[in-house]
Amino acid sequence: MSDRPRSPAFYLLAAFFCLFVAFLYGPTLTILVLSFQGPQGGLTFPMNGVSTHWFGKLWAGLGIVDIWGALWRSLRLGVVVMGLTVGIAFFAGLAFRKRFRGEGALFTVAVASLIVPSIVVSLGIGLEFRLLDDAVNWAAAATGWGWLQEHGTLMGLYTSALGAHLTWTLPFGLLIMFAVFNRFDPAYEEAARDLGATGPQTLRYVVVPILGPSLVGVALFGFTLSFDELARTSQAIGGRNTLPLELQGLTTTVTTPEIYALGTLTTGMSLAVIATALGASLYLQRRRARTGLRLG
Amino acid sequence: MTDTALSAMPAAVNVPAAPASTTSLTAKTRRRRALAYLQAAPMALVFAVFFLVPLLLTLIVSFWEYNEYEIIPSFTVQNYFDVFEGCFSPAEACTTVRTYVSTLKFCVLTWACTLVIGFTVAYFVAFHVRSRTMQMALFLVCTIPFWTSNVIRMISWIPLLGRNGLVNYTLMGLGLIKAPIEGLLYSDFSVVLAFVHLNTVFMIVPIFNSMARIDRSLIEAAYDAGATGWQTLWNVVVPLAKPGIAIGSIFVVTLVMGDFVTVGVMGGQQIASVGKVIQVQMSALQLPAAAANAVILLGAVMLMIVAMTRLIDLRKEL
């Protein structure tokens with residue numbers, strides 16, 4: 001196939017692909033341009049001069065909405081979700097290489113967690129925490145213990161919202177780990193064991209360095225999926241919203257290019273994270289290839 | 001250590017020692033098992049606390065009573081009756097049926113568009129791009145937007161589709177229309193457009209994955225046997241890409257069925273969807289009603305998934 005000349009189908013398909021890429025990126029590029037709209041400009045073209053006016057207004061804050069607080073909360077939660085996703089998915093991946101009872105069930109649950117509609121998961125977690133709160137309130141009234149009385153709600157960023165995000169990121173992490181371990185040659189581990197390495201040493205000095213680039217990929221999924229998560233968080237967060245939730249609210253209230261400036265900013269952050277992850281992954285791959293050559 | 005020592009011994013000595021070696025092996029296996037449980041435990045715990053228990057509670061609470069300020073743990077099926085209220089009169093469709101029909105319409109349209117676009121894109125990258133590096137680069141180009149904010153990607157259609165947007169502006173400039181088209185934004189059209197924009201990646205990735213596994217010599221064989229491009233595509237590539245198509249379809253269908261964000265933002269909060277009904281009831285603190293709707297939605301989605309997997313298995317048998 002590869003030695004044949006290009007068929008007309010190739011050029012048709014290439015044109016289709018280019019159109020698709022334009023469709024994929026075009027709208028985002030539009031708001032990127034419009035976020036530099038002049039002070040008199042509106043939500044649509046034409047550009048009314050070029051300025052960073054709307055970024056300045058954004059910096060000053062969007063009225064009553066605490067956008068920087070929300071951004072900060074989303075960033076922190078994203079980092080926590082990223083760490084937990086990498087750790088939990090990596091060890092679960094290791095477990096699935098050995099056989100254990102209930103592995104089929106765990107896999108089914110992971111896949112189910114991915115495809116059950118987000119609103120249902122979110123509602124369930126919201127219900128769970130409301131019932132937990134009721135239970136705590138009941139216990140406080142029944143026992144009269146002081147430390148239970150000041151109880152507000154258990155729902156929050158690092159409880160219900162964190163759990164909601166993990167139900168979304170962990171299945172992705174596990175599926176990636178499956179793909180990764182399918183291509184992993186157990187001979188490396190056996191060699192390490194034959195040389196007298198203990199289990200933890202084998203993990204630390206052999207498995208993790210070899211899988212490093214893929215673990216960076218899992219981290220990328222963990223962070224970005226959490227940073228942009230909205231549907232599962234919606235019913236499972238207390239009073240203080242994450243950035244995507246605030247953004248959703250802003251779509252109906254903000255009628256100036258400020259929202260485009262915010263879009264440019266968050267997209268830029270996401271792209272920076274993706275670039276860092278891809279860069280780190282490539283760097284680790286290169287280093288692995290280099291070290292491998294030197295040792296070999 | 002004992003294993004190697006034993007196997008080095010003559011066979012006659014090895015026989016009586018066999019039971020000892022078995023017990024040491026099982027001890028080792030048992031340790032390995034215990035380690036596997038330990039390693040899988042965090043994931044199992046997360047899914048138990050944040051997925052299985054919540055689903056179970058949703059099912060239970062859907063049978064509870066409620067009033068304006070609290071939910072009451074006493075059994076009732078009233079919530080389900082409320083969902084289907086008026087559905088048994090033949091005169092006109094009830095709200096629930098109309099909502100489901102509207103959501104299903106979005107589902108079918110989105111599924112068809114993402115399937116055609118996703119398959120074509122995956123086919124181009126997998127079979128017409130020759131260098132491996134280029135394949136990976138183009139694949140990344142298709143997936144990067146997936147890692148950016150969905151809400152922002154929805155908002156970014158406003159300057160294009162709005163009343164004074166780029167599309168109307170261009171069409172008027174070309175003299176194709178006299179007055180701006182009104183229903184581009186905040187309509188069924190913009191909802192489906194955004195769904196396709198956001199979800200095509202869920203088709204591309206699994207279909208590309210399936211296609212990457214297809215043995216190239218099969219294509220070569222089809223070509224040598226005189227098959228045209230279309231025949232090869234239809235009789236070789238499509239059947240072998242079916243697992244990817246199935247996975248992608250399941251993703252797209254479940255994402256659209258449960259959606260309330262895209263329908264909300266792109267429909268100007270004016271279009272109904274099943275997910276939106278649940279969200280509204282939840283914010284009105286009608287938790288048991290929301291739970292009943294969630295159970296019905298979950299049942300509907302599961303039926304659709306079963307139907308899709310059946311369809312694919314059936315074709316394999318025919």
# chains A, B, ... in the order shown; residues from 1 in each chain; ligands from 1
call {"tool": "residues_around", "arguments": {"residues": "B:Leu297", "least_positions_apart": "3", "cutoff": "9 Å", "atoms": "only C-alpha atoms", "output": "list of chain:residue names"}}
result
A:Pro117, A:Val120, B:Met257, B:Gly258, B:Val274, B:Gly275, B:Ala292, B:Asn293, B:Ala294, B:Ala300, B:Val301, B:Met302
call {"tool": "residues_around", "arguments": {"residues": "A:Ile31", "least_positions_apart": "2", "cutoff": "10 Å", "atoms": "only C-alpha atoms", "output": "tab-separated table (two decimals) with N, CA and C atoms, in the first residue's frame"}}
result
chain	number	residue	atom	x	y	z
A	26	GLY	N	-11.43	26.29	14.85
A	26	GLY	CA	-11.89	27.59	14.39
A	26	GLY	C	-12.58	28.42	15.47
A	27	PRO	N	-13.63	27.87	16.10
A	27	PRO	CA	-14.35	28.66	17.09
A	27	PRO	C	-13.45	29.16	18.23
A	28	THR	N	-12.56	28.29	18.70
A	28	THR	CA	-11.68	28.70	19.80
A	28	THR	C	-10.76	29.84	19.36
A	29	LEU	N	-10.27	29.74	18.11
A	29	LEU	CA	-9.42	30.82	17.59
A	29	LEU	C	-10.22	32.12	17.50
A	33	VAL	N	-9.17	35.68	19.26
A	33	VAL	CA	-9.02	36.99	18.60
A	33	VAL	C	-9.92	38.01	19.27
A	34	LEU	N	-11.18	37.63	19.51
A	34	LEU	CA	-12.16	38.58	20.05
A	34	LEU	C	-11.86	39.00	21.49
A	35	SER	N	-11.07	38.21	22.20
A	35	SER	CA	-10.77	38.59	23.58
A	35	SER	C	-9.85	39.82	23.61
A	36	PHE	N	-9.22	40.13	22.46
A	36	PHE	CA	-8.38	41.33	22.38
A	36	PHE	C	-9.16	42.50	21.77
A	37	GLN	N	-10.48	42.38	21.79
A	37	GLN	CA	-11.40	43.42	21.33
A	37	GLN	C	-11.12	44.75	22.04
A	43	LEU	N	-19.54	41.41	21.52
A	43	LEU	CA	-19.32	39.97	21.52
A	43	LEU	C	-19.05	39.40	20.13
A	44	THR	N	-19.32	40.17	19.09
A	44	THR	CA	-19.10	39.64	17.74
A	44	THR	C	-18.19	40.55	16.94
A	257	PRO	N	-16.93	41.02	26.16
A	257	PRO	CA	-15.81	40.13	25.80
A	257	PRO	C	-14.99	39.65	27.00
A	259	ILE	N	-15.78	37.48	29.02
A	259	ILE	CA	-15.90	36.01	29.06
A	259	ILE	C	-14.97	35.36	28.04
A	260	TYR	N	-14.71	36.07	26.92
A	260	TYR	CA	-13.75	35.55	25.95
A	260	TYR	C	-12.34	35.60	26.52
A	261	ALA	N	-12.05	36.70	27.25
A	261	ALA	CA	-10.74	36.83	27.88
A	261	ALA	C	-10.52	35.66	28.85
A	262	LEU	N	-11.58	35.36	29.60
A	262	LEU	CA	-11.51	34.23	30.53
A	262	LEU	C	-11.30	32.92	29.76
A	263	GLY	N	-11.99	32.79	28.63
A	263	GLY	CA	-11.84	31.60	27.80
A	263	GLY	C	-10.43	31.47	27.27
A	264	THR	N	-9.86	32.58	26.79
A	264	THR	CA	-8.48	32.57	26.29
A	264	THR	C	-7.54	32.14	27.41
B	152	ILE	N	-16.09	26.61	27.49
B	152	ILE	CA	-15.44	27.62	26.63
B	152	ILE	C	-15.64	27.25	25.17
B	153	ARG	N	-15.52	25.96	24.87
B	153	ARG	CA	-15.69	25.55	23.48
B	153	ARG	C	-17.12	25.77	23.00
B	155	ILE	N	-19.09	28.31	24.27
B	155	ILE	CA	-19.21	29.77	24.16
B	155	ILE	C	-18.60	30.26	22.86
B	156	SER	N	-17.55	29.56	22.40
B	156	SER	CA	-16.83	30.06	21.23
B	156	SER	C	-17.67	29.99	19.96
B	157	TRP	N	-18.85	29.36	20.02
B	157	TRP	CA	-19.72	29.39	18.84
B	157	TRP	C	-20.52	30.69	18.77
B	158	ILE	N	-20.60	31.44	19.88
B	158	ILE	CA	-21.44	32.65	19.89
B	158	ILE	C	-21.04	33.66	18.81
B	159	PRO	N	-19.73	34.00	18.73
B	159	PRO	CA	-19.37	35.00	17.70
B	159	PRO	C	-19.57	34.49	16.27
B	160	LEU	N	-19.70	33.19	16.11
B	160	LEU	CA	-19.90	32.65	14.76
B	160	LEU	C	-21.37	32.58	14.40
call {"tool": "closest_residue", "arguments": {"among": "A:Thr85, A:Thr224, A:Ser234, A:Thr251", "to": "A:Ala277", "atoms": "only C-alpha atoms"}}
result
A:Thr224
call {"tool": "select_by_dssp", "arguments": {"residues": "stretch 80-253 of chain A", "states": "helix (DSSP H, G or I)", "output": "ChimeraX atom specification"}}
result
/A:80-97,103-115,118-143,146-149,157-182,187-194,199-228,243-253
call {"tool": "write_last_selection", "arguments": {"atoms": "C-alpha atoms", "output": "short mmCIF file (atom, residue, chain, number, x, y, z; two decimals), in the first residue's frame"}}
result
data_model
loop_
_atom_site.label_atom_id
_atom_site.label_comp_id
_atom_site.auth_asym_id
_atom_site.auth_seq_id
_atom_site.Cartn_x
_atom_site.Cartn_y
_atom_site.Cartn_z
CA VAL A 80 -5.05 16.41 43.99
CA VAL A 81 -7.14 14.45 41.46
CA MET A 82 -4.08 14.09 39.23
CA GLY A 83 -1.94 12.64 42.03
CA LEU A 84 -4.64 10.25 43.20
CA THR A 85 -5.49 9.15 39.67
CA VAL A 86 -1.87 8.29 38.86
CA GLY A 87 -1.31 6.47 42.15
CA ILE A 88 -4.57 4.55 42.31
CA ALA A 89 -4.66 3.64 38.61
CA PHE A 90 -1.00 2.54 38.63
CA PHE A 91 -1.47 0.17 41.56
CA ALA A 92 -4.77 -1.11 40.21
CA GLY A 93 -2.99 -1.78 36.92
CA LEU A 94 -0.37 -3.79 38.81
CA ALA A 95 -3.11 -5.74 40.60
CA PHE A 96 -4.81 -6.61 37.32
CA ARG A 97 -1.59 -8.22 36.04
CA GLU A 103 -11.15 -8.51 39.00
CA GLY A 104 -13.97 -8.91 36.49
CA ALA A 105 -16.37 -7.10 38.81
CA LEU A 106 -13.93 -4.25 39.43
CA PHE A 107 -13.33 -3.81 35.71
CA THR A 108 -17.07 -3.81 35.00
CA VAL A 109 -17.64 -1.19 37.69
CA ALA A 110 -14.85 0.98 36.29
CA VAL A 111 -16.33 0.86 32.79
CA ALA A 112 -19.82 1.43 34.18
CA SER A 113 -18.54 4.48 36.04
CA LEU A 114 -17.38 5.86 32.71
CA ILE A 115 -20.63 5.37 30.83
CA SER A 118 -22.76 12.09 34.71
CA ILE A 119 -25.93 13.67 36.05
CA VAL A 120 -26.93 10.33 37.62
CA VAL A 121 -23.54 9.92 39.34
CA SER A 122 -23.64 13.52 40.51
CA LEU A 123 -27.16 13.18 41.87
CA GLY A 124 -26.20 9.98 43.69
CA ILE A 125 -23.18 11.54 45.38
CA GLY A 126 -25.22 14.62 46.29
CA LEU A 127 -27.88 12.40 47.86
CA GLU A 128 -25.28 10.35 49.71
CA PHE A 129 -23.75 13.42 51.35
CA ARG A 130 -27.12 14.95 52.20
CA LEU A 131 -28.11 11.73 53.94
CA LEU A 132 -24.74 11.65 55.71
CA ASP A 133 -25.33 15.21 56.92
CA ASP A 134 -28.77 14.20 58.16
CA ALA A 135 -27.22 11.28 59.99
CA VAL A 136 -24.61 13.50 61.64
CA ASN A 137 -27.24 16.06 62.64
CA TRP A 138 -29.34 13.28 64.11
CA ALA A 139 -26.35 11.96 66.03
CA ALA A 140 -25.57 15.47 67.28
CA ALA A 141 -29.10 15.89 68.57
CA ALA A 142 -29.17 12.42 70.10
CA THR A 143 -25.82 12.56 71.88
CA GLY A 146 -20.22 19.51 71.51
CA TRP A 147 -17.90 18.67 68.65
CA LEU A 148 -20.77 17.44 66.52
CA GLN A 149 -22.96 20.52 67.00
CA LEU A 157 -14.19 20.32 47.44
CA TYR A 158 -12.05 17.55 48.89
CA THR A 159 -14.85 15.16 49.79
CA SER A 160 -17.82 14.89 47.43
CA ALA A 161 -16.34 16.86 44.52
CA LEU A 162 -13.06 14.96 44.72
CA GLY A 163 -14.95 11.65 44.70
CA ALA A 164 -17.09 12.77 41.76
CA HIS A 165 -13.98 13.66 39.77
CA LEU A 166 -12.31 10.35 40.57
CA THR A 167 -15.29 8.39 39.19
CA TRP A 168 -14.55 10.14 35.89
CA THR A 169 -10.71 10.13 35.82
CA LEU A 170 -9.98 6.68 37.31
CA PRO A 171 -11.62 4.64 34.50
CA PHE A 172 -9.53 6.55 31.95
CA GLY A 173 -6.45 5.96 34.09
CA LEU A 174 -7.17 2.25 34.40
CA LEU A 175 -7.77 1.81 30.67
CA ILE A 176 -4.48 3.57 29.91
CA MET A 177 -2.68 1.35 32.43
CA PHE A 178 -4.13 -1.73 30.69
CA ALA A 179 -2.81 -0.56 27.35
CA VAL A 180 0.55 0.25 28.92
CA PHE A 181 0.99 -3.05 30.76
CA ASN A 182 -0.03 -4.97 27.62
CA ALA A 187 11.40 -9.90 31.48
CA TYR A 188 12.66 -6.59 32.95
CA GLU A 189 11.05 -7.36 36.30
CA GLU A 190 12.32 -10.93 36.27
CA ALA A 191 15.81 -9.68 35.53
CA ALA A 192 15.58 -7.26 38.45
CA ARG A 193 14.33 -10.01 40.74
CA ASP A 194 17.08 -12.38 39.61
CA GLY A 199 9.43 -5.92 45.13
CA PRO A 200 9.48 -2.20 46.03
CA GLN A 201 12.97 -1.81 44.52
CA THR A 202 11.81 -3.41 41.27
CA LEU A 203 8.91 -0.95 41.15
CA ARG A 204 11.03 2.08 42.01
CA TYR A 205 14.05 1.43 39.81
CA VAL A 206 12.66 -0.66 36.94
CA VAL A 207 8.90 -0.45 36.40
CA VAL A 208 8.31 3.25 37.15
CA PRO A 209 11.20 4.56 35.03
CA ILE A 210 10.16 2.40 32.08
CA LEU A 211 6.50 3.40 32.39
CA GLY A 212 7.31 7.06 33.19
CA PRO A 213 6.14 8.56 29.89
CA SER A 214 2.80 6.73 30.14
CA LEU A 215 2.32 7.77 33.76
CA VAL A 216 2.72 11.37 32.61
CA GLY A 217 -0.11 10.64 30.17
CA VAL A 218 -2.32 9.41 33.02
CA ALA A 219 -1.44 12.55 34.97
CA LEU A 220 -2.46 14.68 31.98
CA PHE A 221 -5.85 12.96 31.85
CA GLY A 222 -6.26 13.30 35.61
CA PHE A 223 -5.56 17.01 35.71
CA THR A 224 -7.30 18.21 32.57
CA LEU A 225 -10.43 16.09 33.02
CA SER A 226 -10.74 17.37 36.59
CA PHE A 227 -9.96 20.99 35.66
CA ASP A 228 -12.77 20.99 33.06
CA LEU A 243 -14.25 27.29 37.68
CA PRO A 244 -16.31 25.35 35.08
CA LEU A 245 -19.43 25.77 37.23
CA GLU A 246 -18.83 29.53 37.48
CA LEU A 247 -18.20 29.64 33.74
CA GLN A 248 -21.50 27.93 33.05
CA GLY A 249 -23.25 30.51 35.18
CA LEU A 250 -21.44 33.35 33.43
CA THR A 251 -22.65 32.25 29.98
CA THR A 252 -26.07 33.69 30.73
CA THR A 253 -25.06 36.80 32.69
#
call {"tool": "residues_around", "arguments": {"residues": "stretch 120-124 of chain B", "least_positions_apart": "4", "cutoff": "8 Å", "atoms": "only C-alpha atoms", "output": "ChimeraX atom specification"}}
result
/A:10,13-14,16-17,20 /B:116,128-129,204-205,207-208,211
call {"tool": "residues_around", "arguments": {"residues": "stretch 245-250 of chain B", "least_positions_apart": "5", "cutoff": "10 Å", "atoms": "only C-alpha atoms", "output": "PyMOL selection string"}}
result
(chain A and resi 115) or (chain B and resi 110-112+114-115+118-119+199-208+210+238-240+255+301-302+304-306+308-309+311-312)
call {"tool": "residues_around", "arguments": {"residues": "B:Gln270", "least_positions_apart": "3", "cutoff": "8 Å", "atoms": "only C-alpha atoms", "output": "PyMOL selection string"}}
result
chain B and resi 186+264+267
call {"tool": "write_last_selection", "arguments": {"atoms": "C-alpha atoms", "output": "PDB file, in the first residue's frame"}}
result
ATOM      1  CA  TYR B 186     -29.890  28.846  20.856  1.00  0.00           C
ATOM      2  CA  GLY B 264     -28.509  24.351  28.553  1.00  0.00           C
ATOM      3  CA  GLY B 267     -30.145  25.994  23.817  1.00  0.00           C
TER       4      GLY B 267
END
